[in-house]
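Visitor: Sharing a structure below in structure tokens format, with a few things to ask.
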Amino acid sequence: MFIRVYNYNTMDKGWVCTQIFEGHSHYVMQVTFNPKDTNTFASASLDRTIKIWNLGSPDPNFTLDAHQKGVNCVDYFTGGDKPYLITGSDDHTAKVWDYQTKSCVQTLEGHTHNVSAVCFHPDLPIIITGSEDGTVRIWHATTYRLENTLNYGLERVWAIGYMKGSRRIVIGYDEGTIMVKIGREVPVASMDNSGKIIWAKQNEIQTVNIKSVGADFEGTDGERLPLAVKELGTCDLYPQSLKHNPNGRFVVVCGDGEYIIYTALAWRNRSFGSALECVWSADGEYAVRESTSKIKIFSKSFQEKRSVRPTFSAERIFGGTLLAMCSNDFICFYDWAECRLIRRIDVTVKNLYWADSGDLVAIASDTSFYILKYNLCGNEF
């Protein structure tokens, strides 16, 4: 079976075959170019293989004996520097491959029919697979954990598309096409007191200082600020939250059930561990929530001070002058030194904000907000 490359001839105003690639023994189902090397492409075939080619040679660079049945689709990993591609097959599985070592990194199982479309999302840490079983499955691109399954009752899935820079994906079915918005709209970013902003673009960290904009700059509503964005480094996990400590020297990144604390200037790893979320105290100590039943408090020198097991299910924690732990219908405030209960308030908390003075706290719920005054000397509200 052949793969042909055509070029449009402007003189004759027609398409001309310029190259033929021969090697597959069955139908070629998809061809995908490597976005990191556009002279290289991969082909998926019903002969159960994936072949990697260069445009300058009629022979394949190498062949992956990919699946037990025919291979329907292939896509390259576009984010970061991992040399990965993903394949989908009639054996009901998708596989992630390292095309440098030519080894299978992970097999994604769960579909009950042929896998007909695969996609590494360019901006989000997810893999998307579609199948003739009518479902679209969303997997974590690092842990390969199944995150969600979508089924819109439109029969078989044949295609998955995206627009770079957007959180919308398009799914093509037997019975129609649907557009779905995935991920969150709020950017993963933090700004310190000096105006320095750090944000995550996938696992790459970028920074800019908004004070570099002159005081005489007059912008119109919606206009982008003329800021010089710098690459700060990369993160060893996909950030889901990012927060400066009070003096701006450190930044904590949380994601994938872990946390890492970096220096804000050189982006060097200073501490790490397991955490669903991490919050700072007003003087630079921090607490991590490892689970709904375990909270750990650390000193400014990154040493563990105390491990706390709350008597309720801690669904969220907040930092600031006091350490706050929330259940679904109340919030408890504790002092950082001894983790002594200061006050419990029966309210469903959406967010919490401390004033810079440290003696005022705003508690926001879905429909209202409350402002409390905290006596710093008496340790009481």
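Ordering of the structure tokens sets the chain letters (A, B, ...); residue numbers start at 1 within each chain; ligands are numbered from 1 in the order shown.
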What's around Phe369 of chain A at 10 Å? Count only C-alpha atoms, leave out sequence neighbours fewer than 3 positions away in its own chain, and write the answer as an MDAnalysis selection string.

Guide: chainID A and resid 347 349:352 362:366

Visitor: Mind the document's chain letters and residue numbers, and return as an NGL selection string the residues of segment 191-283 of chain A that DSSP labels strand (DSSP E or B).

Guide: :A and (191 or 196-201 or 204-209 or 230-234 or 241-244 or 250-255 or 258-263 or 269-274 or 277-281)

Visitor: For the selection you just gave me, I'd like the residues written to a file as a CSV table (one decimal), in the first residue's frame, keeping C-alpha atoms.

Guide:
```csv
chain,number,residue,atom,x,y,z
A,191,MET,CA,1.7,37.9,41.4
A,196,LYS,CA,6.1,40.2,39.2
A,197,ILE,CA,3.7,37.7,37.6
A,198,ILE,CA,4.5,34.0,37.2
A,199,TRP,CA,2.2,31.7,35.3
A,200,ALA,CA,2.2,28.2,33.9
A,201,LYS,CA,1.9,27.3,30.2
A,204,GLU,CA,6.6,25.6,31.3
A,205,ILE,CA,6.8,28.6,33.6
A,206,GLN,CA,6.9,32.2,32.3
A,207,THR,CA,7.3,35.5,34.0
A,208,VAL,CA,6.8,39.2,33.4
A,209,ASN,CA,6.9,42.4,35.5
A,230,LYS,CA,10.6,35.7,29.9
A,231,GLU,CA,11.0,31.9,30.2
A,232,LEU,CA,11.7,31.1,33.9
A,233,GLY,CA,12.0,27.3,33.6
A,234,THR,CA,10.0,24.1,33.6
A,241,SER,CA,-2.3,26.0,41.2
A,242,LEU,CA,0.6,28.3,41.7
A,243,LYS,CA,1.1,30.8,44.6
A,244,HIS,CA,3.9,33.1,45.9
A,250,PHE,CA,9.2,31.2,46.9
A,251,VAL,CA,6.5,29.8,44.8
A,252,VAL,CA,4.5,26.7,45.5
A,253,VAL,CA,3.2,24.6,42.6
A,254,CYS,CA,0.5,21.9,43.1
A,255,GLY,CA,-0.7,19.3,40.7
A,258,GLU,CA,2.1,16.6,44.6
A,259,TYR,CA,3.6,20.0,45.5
A,260,ILE,CA,7.0,21.6,44.7
A,261,ILE,CA,8.3,24.8,46.2
A,262,TYR,CA,10.7,26.7,43.9
A,263,THR,CA,12.7,29.9,44.4
A,269,ASN,CA,13.5,23.2,43.7
A,270,ARG,CA,13.6,23.7,47.5
A,271,SER,CA,11.0,21.3,48.8
A,272,PHE,CA,8.5,18.8,47.5
A,273,GLY,CA,6.0,16.2,48.7
A,274,SER,CA,2.5,14.8,48.5
A,277,GLU,CA,-3.2,21.7,47.9
A,278,CYS,CA,-0.7,23.9,49.7
A,279,VAL,CA,-1.2,27.3,51.5
A,280,TRP,CA,1.1,29.9,53.1
A,281,SER,CA,0.9,31.5,56.5
```

Visitor: Smallest atom-to-atom distance to Trp267 of chain A: which of A:Glu147, A:Asp283, A:Glu223, A:Asp236, using only C-alpha atoms?

Guide: A:Asp236

Visitor: So which residues touch Ala337 of chain A within 12 Å, counting only C-alpha atoms, skipping near sequence neighbours fewer than 5 positions away, as a list in words?

Guide: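 Near Ala337 of chain A, the qualifying residues are Ser281, Asp283, Glu285, Tyr286, Ala287, Ile297, Phe298, Ser299, Lys305, Arg306, Thr321, Leu322, Leu323, Ile342 and Asn379 of chain A.
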
Visitor: Save out the residues we just selected, N, CA and C atoms, as a PDB file, in the first residue's frame.

Guide:
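So part_29.pdb came out as:
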```
ATOM      1  N   SER A 281       1.248  30.654  55.358  1.00  0.00           N
ATOM      2  CA  SER A 281       0.866  31.496  56.489  1.00  0.00           C
ATOM      3  C   SER A 281       1.340  32.913  56.211  1.00  0.00           C
ATOM      4  N   ASP A 283       3.511  34.615  57.763  1.00  0.00           N
ATOM      5  CA  ASP A 283       4.943  34.812  57.972  1.00  0.00           C
ATOM      6  C   ASP A 283       5.803  33.793  57.225  1.00  0.00           C
ATOM      7  N   GLU A 285       5.370  30.299  56.835  1.00  0.00           N
ATOM      8  CA  GLU A 285       5.180  28.869  57.039  1.00  0.00           C
ATOM      9  C   GLU A 285       4.115  28.380  56.051  1.00  0.00           C
ATOM     10  N   TYR A 286       3.970  27.080  55.945  1.00  0.00           N
ATOM     11  CA  TYR A 286       2.971  26.591  54.992  1.00  0.00           C
ATOM     12  C   TYR A 286       2.366  25.281  55.474  1.00  0.00           C
ATOM     13  N   ALA A 287       1.190  24.993  54.945  1.00  0.00           N
ATOM     14  CA  ALA A 287       0.478  23.757  55.273  1.00  0.00           C
ATOM     15  C   ALA A 287       0.099  23.055  53.984  1.00  0.00           C
ATOM     16  N   ILE A 297       1.903  20.734  58.681  1.00  0.00           N
ATOM     17  CA  ILE A 297       2.371  22.114  58.784  1.00  0.00           C
ATOM     18  C   ILE A 297       3.895  22.109  58.777  1.00  0.00           C
ATOM     19  N   PHE A 298       4.490  23.016  57.974  1.00  0.00           N
ATOM     20  CA  PHE A 298       5.938  23.084  57.818  1.00  0.00           C
ATOM     21  C   PHE A 298       6.441  24.470  58.210  1.00  0.00           C
ATOM     22  N   SER A 299       7.692  24.507  58.672  1.00  0.00           N
ATOM     23  CA  SER A 299       8.321  25.768  59.061  1.00  0.00           C
ATOM     24  C   SER A 299       8.827  26.517  57.833  1.00  0.00           C
ATOM     25  N   LYS A 305       6.628  20.499  61.063  1.00  0.00           N
ATOM     26  CA  LYS A 305       6.419  20.863  62.456  1.00  0.00           C
ATOM     27  C   LYS A 305       5.333  20.035  63.119  1.00  0.00           C
ATOM     28  N   ARG A 306       4.288  19.749  62.366  1.00  0.00           N
ATOM     29  CA  ARG A 306       3.132  19.117  62.981  1.00  0.00           C
ATOM     30  C   ARG A 306       2.299  18.407  61.917  1.00  0.00           C
ATOM     31  N   THR A 321      -3.395  34.720  58.101  1.00  0.00           N
ATOM     32  CA  THR A 321      -3.081  34.905  59.517  1.00  0.00           C
ATOM     33  C   THR A 321      -3.363  33.636  60.310  1.00  0.00           C
ATOM     34  N   LEU A 322      -4.462  32.974  59.996  1.00  0.00           N
ATOM     35  CA  LEU A 322      -4.821  31.693  60.606  1.00  0.00           C
ATOM     36  C   LEU A 322      -4.911  30.627  59.524  1.00  0.00           C
ATOM     37  N   LEU A 323      -4.795  29.382  59.947  1.00  0.00           N
ATOM     38  CA  LEU A 323      -5.006  28.251  59.043  1.00  0.00           C
ATOM     39  C   LEU A 323      -6.479  27.869  59.103  1.00  0.00           C
ATOM     40  N   ILE A 342      -9.558  28.158  66.965  1.00  0.00           N
ATOM     41  CA  ILE A 342      -9.915  29.518  67.357  1.00  0.00           C
ATOM     42  C   ILE A 342     -11.421  29.728  67.252  1.00  0.00           C
ATOM     43  N   ASN A 379      -5.955  36.549  70.047  1.00  0.00           N
ATOM     44  CA  ASN A 379      -6.181  35.313  69.292  1.00  0.00           C
ATOM     45  C   ASN A 379      -7.655  34.907  69.304  1.00  0.00           C
TER      46      ASN A 379
END
```

Visitor: Determine, counting only C-alpha atoms, which protein, DNA and RNA residues have an atom within 9 Å of an atom of segment 93-97 of chain A; residues of the same chain fewer than 3 positions away are not included. Present the result as a VMD selection string.

Guide: chain A and resid 66 to 67 83 to 90 100 to 115 118 129

Visitor: Neighbours of segment 68-73 of chain A within 6 Å (only C-alpha atoms; same-chain residues fewer than 5 positions away dropped), as a count of residues only?

Guide: 14

Visitor: Got a sec: who's within 7 Å of Asp174 of chain A, counting only C-alpha atoms, leaving out chain neighbours fewer than 6 positions off, as a count of residues only?

Guide: 4

Visitor: Atom CA of Ile127 of chain A to atom CA of Tyr144 of chain A: how many Å, to one decimal?

Guide: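 So the two atoms, atom CA of Ile127 of chain A and atom CA of Tyr144 of chain A, lie 8.1 Å apart.
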
Visitor: Considering only C-alpha atoms, can you say which of A:Asp98, A:Pro239, A:Gly161, A:Asp329 comes closest to Ile128 of chain A?

Guide: A:Gly161

Visitor: From the set A:Arg4, A:Arg137, A:Arg344, A:Arg168, which residue has the shortest atom-to-atom contact distance to Leu55 of chain A, counting only C-alpha atoms?

Guide: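 That would be A:Arg4, the residue with the smallest distance to Leu55 of chain A.
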